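Structure file protein28.csv; described as CSV, C-alpha atoms.
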chain,number,residue,atom,x,y,z
A,137,MET,CA,126.7,142.5,117.8
A,138,ILE,CA,123.1,143.6,118.3
A,139,LYS,CA,121.7,142.7,121.7
A,140,LYS,CA,118.9,140.1,121.7
A,141,SER,CA,116.4,142.5,123.3
A,142,TRP,CA,117.2,145.2,120.7
A,143,SER,CA,116.6,142.8,117.9
A,144,VAL,CA,113.2,142.0,119.3
A,145,VAL,CA,112.4,145.7,119.8
A,146,ILE,CA,113.4,146.4,116.2
A,147,THR,CA,111.1,143.6,115.0
A,148,MET,CA,108.2,145.1,117.1
A,149,VAL,CA,108.9,148.6,115.7
A,150,LEU,CA,108.9,147.1,112.1
A,151,CYS,CA,105.5,145.4,112.9
A,152,GLY,CA,104.2,148.8,114.0
A,153,LEU,CA,105.4,150.3,110.7
A,154,LEU,CA,103.8,147.5,108.8
A,155,VAL,CA,100.4,148.2,110.5
A,156,ALA,CA,100.8,151.9,109.6
A,157,ALA,CA,101.7,150.9,106.0
A,158,LEU,CA,98.6,148.7,105.9
A,159,PHE,CA,96.4,151.6,107.0
A,160,VAL,CA,98.0,153.8,104.3
A,161,MET,CA,97.5,151.1,101.7
A,162,ILE,CA,93.9,150.7,102.6
A,163,ALA,CA,93.3,154.4,102.1
A,164,VAL,CA,95.2,154.8,98.8
A,165,MET,CA,94.7,151.3,97.2
A,166,PRO,CA,91.8,152.4,95.0
A,167,GLN,CA,93.8,155.2,93.5
A,168,LEU,CA,96.9,153.1,93.2
A,169,ALA,CA,95.0,150.3,91.4
A,170,ASP,CA,93.5,152.8,89.0
A,171,TRP,CA,96.8,154.4,88.4
A,172,TYR,CA,98.5,151.0,87.8
A,173,TYR,CA,95.9,149.9,85.3
A,174,PHE,CA,95.7,153.2,83.5
A,175,THR,CA,99.4,154.0,83.2
A,176,VAL,CA,101.3,150.7,83.5
A,177,ARG,CA,98.8,148.3,81.9
A,178,HIS,CA,97.2,150.9,79.6
A,179,GLY,CA,93.7,149.7,80.6
A,180,ALA,CA,90.6,151.6,81.3
A,181,SER,CA,90.1,153.2,84.7
A,182,GLY,CA,88.2,150.7,87.0
A,183,ASP,CA,89.9,147.6,85.6
A,184,GLY,CA,91.7,147.2,88.9
A,185,LYS,CA,88.5,146.3,90.8
A,186,PRO,CA,89.2,142.5,91.0
A,187,LEU,CA,92.7,143.4,92.3
A,188,LEU,CA,91.2,145.7,94.9
A,189,VAL,CA,88.8,142.9,96.0
A,190,ALA,CA,91.8,140.6,96.4
A,191,PHE,CA,93.7,143.2,98.4
A,192,TYR,CA,90.8,144.0,100.7
A,193,LEU,CA,90.1,140.3,101.2
A,194,CYS,CA,93.8,139.9,102.2
A,195,VAL,CA,93.7,142.8,104.7
A,196,PRO,CA,92.1,140.9,107.6
A,197,GLY,CA,94.6,138.1,107.1
A,198,ALA,CA,97.4,140.6,107.3
A,199,PHE,CA,96.1,142.3,110.5
A,200,PHE,CA,95.6,138.8,112.0
A,201,ALA,CA,99.2,137.9,111.1
A,202,VAL,CA,100.7,141.1,112.5
A,203,TYR,CA,98.7,140.8,115.7
A,204,HIS,CA,100.0,137.3,116.3
A,205,LEU,CA,103.5,138.3,115.3
A,206,MET,CA,103.5,141.2,117.8
A,207,ARG,CA,102.1,138.9,120.6
A,208,LEU,CA,104.9,136.4,119.7
A,209,MET,CA,107.6,139.1,119.8
A,210,HIS,CA,106.1,140.4,123.1
A,211,ASN,CA,106.4,137.0,124.7
A,212,ILE,CA,110.0,136.6,123.4
A,213,TYR,CA,110.8,140.0,124.8
A,214,LYS,CA,109.5,138.8,128.2
A,215,ASN,CA,111.8,135.7,127.9
A,216,ASP,CA,108.7,133.4,127.5
A,217,VAL,CA,110.0,131.7,124.4
A,218,PHE,CA,109.2,128.0,124.7
A,219,ILE,CA,105.5,128.2,125.8
A,220,LEU,CA,102.3,126.8,124.3
A,221,ARG,CA,100.9,130.2,123.6
A,222,ASN,CA,103.8,130.9,121.1
A,223,VAL,CA,103.0,127.6,119.3
A,224,THR,CA,99.4,128.9,119.0
A,225,HIS,CA,100.6,132.3,117.7
A,226,LEU,CA,102.8,130.5,115.1
A,227,ARG,CA,99.8,128.3,114.1
A,228,CYS,CA,97.7,131.5,113.6
A,229,LEU,CA,100.5,133.0,111.5
A,230,ALA,CA,100.6,129.9,109.3
A,231,TRP,CA,96.8,130.0,108.9
A,232,SER,CA,96.8,133.7,107.9
A,233,CYS,CA,99.6,133.0,105.3
A,234,GLY,CA,97.5,130.1,104.0
A,235,TYR,CA,94.4,132.3,103.8
A,236,VAL,CA,96.3,134.9,101.8
A,237,ALA,CA,97.7,132.1,99.5
A,238,VAL,CA,94.2,130.8,98.8
A,239,VAL,CA,92.7,134.3,98.2
A,240,THR,CA,95.5,135.4,95.8
A,241,LEU,CA,95.5,132.0,94.1
A,242,VAL,CA,91.7,132.2,93.4
A,243,VAL,CA,91.8,135.8,92.2
A,244,GLY,CA,95.0,135.2,90.2
A,245,VAL,CA,93.5,132.2,88.4
A,246,VAL,CA,90.2,134.0,87.7
A,247,LEU,CA,92.1,137.1,86.4
A,248,GLY,CA,94.9,135.1,84.8
A,249,TYR,CA,97.3,137.6,86.6
A,250,LEU,CA,100.7,136.1,87.1
A,251,PRO,CA,102.0,138.5,89.9
A,252,LEU,CA,99.1,137.3,92.1
A,253,LEU,CA,100.0,133.7,91.5
A,254,ILE,CA,103.6,134.5,92.5
A,255,ILE,CA,102.3,136.2,95.7
A,256,SER,CA,100.2,133.1,96.3
A,257,PHE,CA,103.2,130.8,95.9
A,258,ALA,CA,105.3,133.1,98.2
A,259,ALA,CA,102.5,133.0,100.9
A,260,LEU,CA,102.2,129.2,100.6
A,261,PHE,CA,106.0,128.9,101.0
A,262,PHE,CA,105.9,131.2,104.1
A,263,CYS,CA,103.0,129.1,105.5
A,264,LEU,CA,105.0,125.9,105.0
A,265,CYS,CA,108.1,127.5,106.7
A,266,ILE,CA,106.0,128.7,109.7
A,267,ARG,CA,104.4,125.3,110.0
A,268,VAL,CA,107.8,123.7,110.2
A,269,ILE,CA,108.9,126.2,112.8
A,270,ARG,CA,105.7,125.6,114.8
A,271,HIS,CA,106.4,121.9,114.9
A,272,VAL,CA,109.9,122.5,116.1
A,273,MET,CA,108.6,125.0,118.7
A,274,GLY,CA,106.0,122.4,119.8
A,275,ALA,CA,108.7,119.7,120.2
A,276,ALA,CA,110.9,122.2,122.1
A,277,VAL,CA,108.0,123.1,124.5
A,278,GLU,CA,107.4,119.4,125.1
A,279,ILE,CA,111.1,118.8,125.8
A,280,LYS,CA,111.3,121.8,128.1
A,281,THR,CA,108.2,120.7,130.1
A,282,GLU,CA,109.7,117.2,130.4
A,283,ASN,CA,113.0,118.7,131.5
A,284,GLU,CA,111.4,120.9,134.1
A,285,LEU,CA,109.5,117.9,135.5
A,286,THR,CA,112.6,115.8,135.7
A,287,ILE,CA,113.5,115.8,139.4
B,972,MET,CA,100.2,101.3,133.4
B,973,ARG,CA,101.8,103.9,135.5
B,974,ILE,CA,104.5,104.4,138.2
B,975,VAL,CA,103.2,105.5,141.5
B,976,VAL,CA,105.4,107.5,143.8
B,977,ASN,CA,105.0,106.4,147.5
B,978,LEU,CA,107.3,109.1,148.8
B,979,ASP,CA,104.8,110.4,151.3
B,980,VAL,CA,104.3,106.9,152.8
B,981,MET,CA,108.1,106.5,153.3
B,982,MET,CA,108.4,110.0,154.7
B,983,ALA,CA,105.6,109.2,157.2
B,984,LYS,CA,107.3,105.9,158.1
B,985,ARG,CA,110.6,107.7,158.8
B,986,LYS,CA,108.8,110.6,160.4
B,987,ILE,CA,110.6,113.2,158.3
B,988,SER,CA,109.0,116.5,157.0
B,989,SER,CA,109.2,117.7,153.4
B,990,GLY,CA,111.4,120.7,154.3
B,991,GLU,CA,113.8,118.5,156.2
B,992,LEU,CA,114.0,115.9,153.4
B,993,ALA,CA,114.4,118.6,150.8
B,994,LYS,CA,117.3,120.1,152.8
B,995,LYS,CA,118.9,116.7,153.3
B,996,ILE,CA,118.9,115.7,149.6
B,997,ASP,CA,119.6,119.3,148.4
B,998,LEU,CA,116.3,119.6,146.4
B,999,THR,CA,114.0,122.6,146.3
B,1000,PRO,CA,110.7,122.1,148.3
B,1001,ALA,CA,108.8,122.9,145.1
B,1002,ASN,CA,110.6,120.0,143.2
B,1003,LEU,CA,110.1,117.7,146.1
B,1004,SER,CA,106.4,118.6,146.1
B,1005,VAL,CA,106.2,117.8,142.3
B,1006,LEU,CA,107.8,114.4,143.0
B,1007,LYS,CA,105.5,113.7,146.0
B,1008,MET,CA,102.3,114.6,144.1
B,1009,GLY,CA,103.3,112.3,141.2
B,1010,ARG,CA,103.5,115.1,138.7
B,1011,ALA,CA,107.2,114.4,137.8
B,1012,LYS,CA,107.9,113.0,134.3
B,1013,ALA,CA,111.2,111.5,135.3
B,1014,VAL,CA,113.5,110.9,138.3
B,1015,ARG,CA,117.3,111.2,138.0
B,1016,PHE,CA,119.3,108.3,139.4
B,1017,SER,CA,121.2,110.8,141.6
B,1018,THR,CA,117.9,112.1,143.1
B,1019,LEU,CA,116.7,108.5,143.7
B,1020,CYS,CA,120.1,107.6,145.2
B,1021,ALA,CA,119.9,110.6,147.6
B,1022,LEU,CA,116.3,109.8,148.5
B,1023,CYS,CA,117.1,106.1,149.3
B,1024,GLU,CA,120.1,107.3,151.4
B,1025,ALA,CA,118.1,109.9,153.3
B,1026,LEU,CA,115.1,107.6,153.9
B,1027,ASP,CA,117.2,104.4,154.4
B,1028,CYS,CA,115.2,102.4,151.9
B,1029,GLN,CA,115.2,100.8,148.5
B,1030,PRO,CA,114.0,102.4,145.2
B,1031,GLY,CA,111.1,99.9,145.2
B,1032,ASP,CA,109.9,101.4,148.5
B,1033,ILE,CA,109.5,104.8,146.8
B,1034,LEU,CA,108.4,103.8,143.3
B,1035,GLU,CA,105.7,101.3,142.5
B,1036,PHE,CA,104.5,99.9,139.2
B,1037,ARG,CA,100.8,99.7,138.9
B,1038,LYS,CA,98.7,98.3,136.1
B,1039,ASP,CA,95.6,100.2,135.1
B,1040,GLU,CA,92.3,98.3,135.4
B,1041,GLU,CA,91.8,98.6,131.6
B,1042,ASP,CA,95.0,96.8,130.9
B,1043,GLU,CA,94.0,93.8,133.0
Using the file provided, produce a representation of the structure as structure tokens.
Amino acid sequence: MIKKSWSVVITMVLCGLLVAALFVMIAVMPQLADWYYFTVRHGASGDGKPLLVAFYLCVPGAFFAVYHLMRLMHNIYKNDVFILRNVTHLRCLAWSCGYVAVVTLVVGVVLGYLPLLIISFAALFFCLCIRVIRHVMGAAVEIKTENELTI
Amino acid sequence: MRIVVNLDVMMAKRKISSGELAKKIDLTPANLSVLKMGRAKAVRFSTLCALCEALDCQPGDILEFRKDEEDE
């Protein structure tokens, strides 16, 4: 069985890799979008611009989410699990998922591009899951505080 | 409406220090301070029992129910 601290470290390393992947994607996305439209969808070069706009609009949300995820994992690593700050981090994660859902939904509807609508649905689903976890965490923090103040 | 903890009053009446009382009832000084300052959310019956025994008093001597002015 993997030790708890190792699991947290692995998650933090994966977050770091995600940040690196984001930077790479930011750099190569224009070429990637062009290649996709030109070879896969057989369109003219430059057709991928709306997709690029959607991607670059989503990037701040992604960085925001990764930052809060890393802060959350850092707190868990320090054994500060049921604290109000973690509830705030989860709330920010949910908001960033919601933001990505809205951006991809708008661009997906405007372009009539199904994969973006699927991404939007996935982001919305994640947002909902994180909100549920946030509520559970909030209740746990409240119970912990009450328990600590029971003499 | 709130419950007021009059532990400091009873301790003064019995002339007992916080450290001494904490030792007597097997409570940490920090927890006793939380109780004394009225920051506690709940009191266990076992703690109340120990307090009453150590201070030779009734629960009503330590805890008091007070109505807020707005409720009246």
| request: Mind giving me the straight-line distance from atom CA of Tyr203 of chain A to atom CA of Ile146 of chain A in Å, one decimal? | output: 15.7 Å
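One distance worth recording is that between atom CA of Asn283 of chain A and atom CA of Arg1015 of chain B, which is 10.8 Å.
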Using only C-alpha atoms, determine which residues lie at most 8 Å from Met981 of chain B, disregarding the query and same-chain residues fewer than 2 positions distant; provide the list as a compact mmCIF listing (two decimals) with C-alpha atoms, in the frame of the given file.
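Once written, result_30.txt looks like this:
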# COMPACT_ATOMS: atom_id res chain seq x y z
CA ASN B 977 105.00 106.40 147.50
CA LEU B 978 107.30 109.10 148.80
CA ASP B 979 104.80 110.40 151.30
CA ALA B 983 105.60 109.20 157.20
CA LYS B 984 107.30 105.90 158.10
CA ARG B 985 110.60 107.70 158.80
CA LEU B 1026 115.10 107.60 153.90
CA ASP B 1032 109.90 101.40 148.50
CA ILE B 1033 109.50 104.80 146.80
| query | Could you pull the residues within 12 Å of Leu1006 of chain B, counting all atoms listed in the file, minus those fewer than 2 positions along the same chain, as a PyMOL selection string? | reply | (chain A and resi 284-287) or (chain B and resi 974-979+989+993+998-1004+1008-1015+1018-1019+1022+1033-1034)
Closest contacts (segment 161-242 of chain A/segment 259-265 of chain A, max 12 Å, only C-alpha atoms) as CSV:
residue,atom,partner,partner_atom,distance
A:Cys194,CA,A:Ala259,CA,11.2
A:Gly197,CA,A:Ala259,CA,11.3
A:Ala198,CA,A:Ala259,CA,11.2
A:Ala201,CA,A:Cys263,CA,11.1
A:Leu226,CA,A:Cys263,CA,9.7
A:Arg227,CA,A:Cys263,CA,9.2
A:Cys228,CA,A:Cys263,CA,10.0
A:Leu229,CA,A:Cys263,CA,7.6
A:Ala230,CA,A:Cys263,CA,4.6
A:Trp231,CA,A:Cys263,CA,7.1
A:Ser232,CA,A:Cys263,CA,8.1
A:Cys233,CA,A:Cys263,CA,5.2
A:Gly234,CA,A:Cys263,CA,5.8
A:Tyr235,CA,A:Ala259,CA,8.6
A:Val236,CA,A:Ala259,CA,6.5
A:Ala237,CA,A:Ala259,CA,5.1
A:Val238,CA,A:Leu260,CA,8.4
A:Val239,CA,A:Ala259,CA,10.2
A:Thr240,CA,A:Ala259,CA,9.0
A:Leu241,CA,A:Leu260,CA,9.7
| said: Under the rule that all atoms listed in the file are counted, which of A:Leu247, A:Leu205, A:Leu252, A:Val217 is the nearest residue to Ile266 of chain A? | reply: A:Leu205
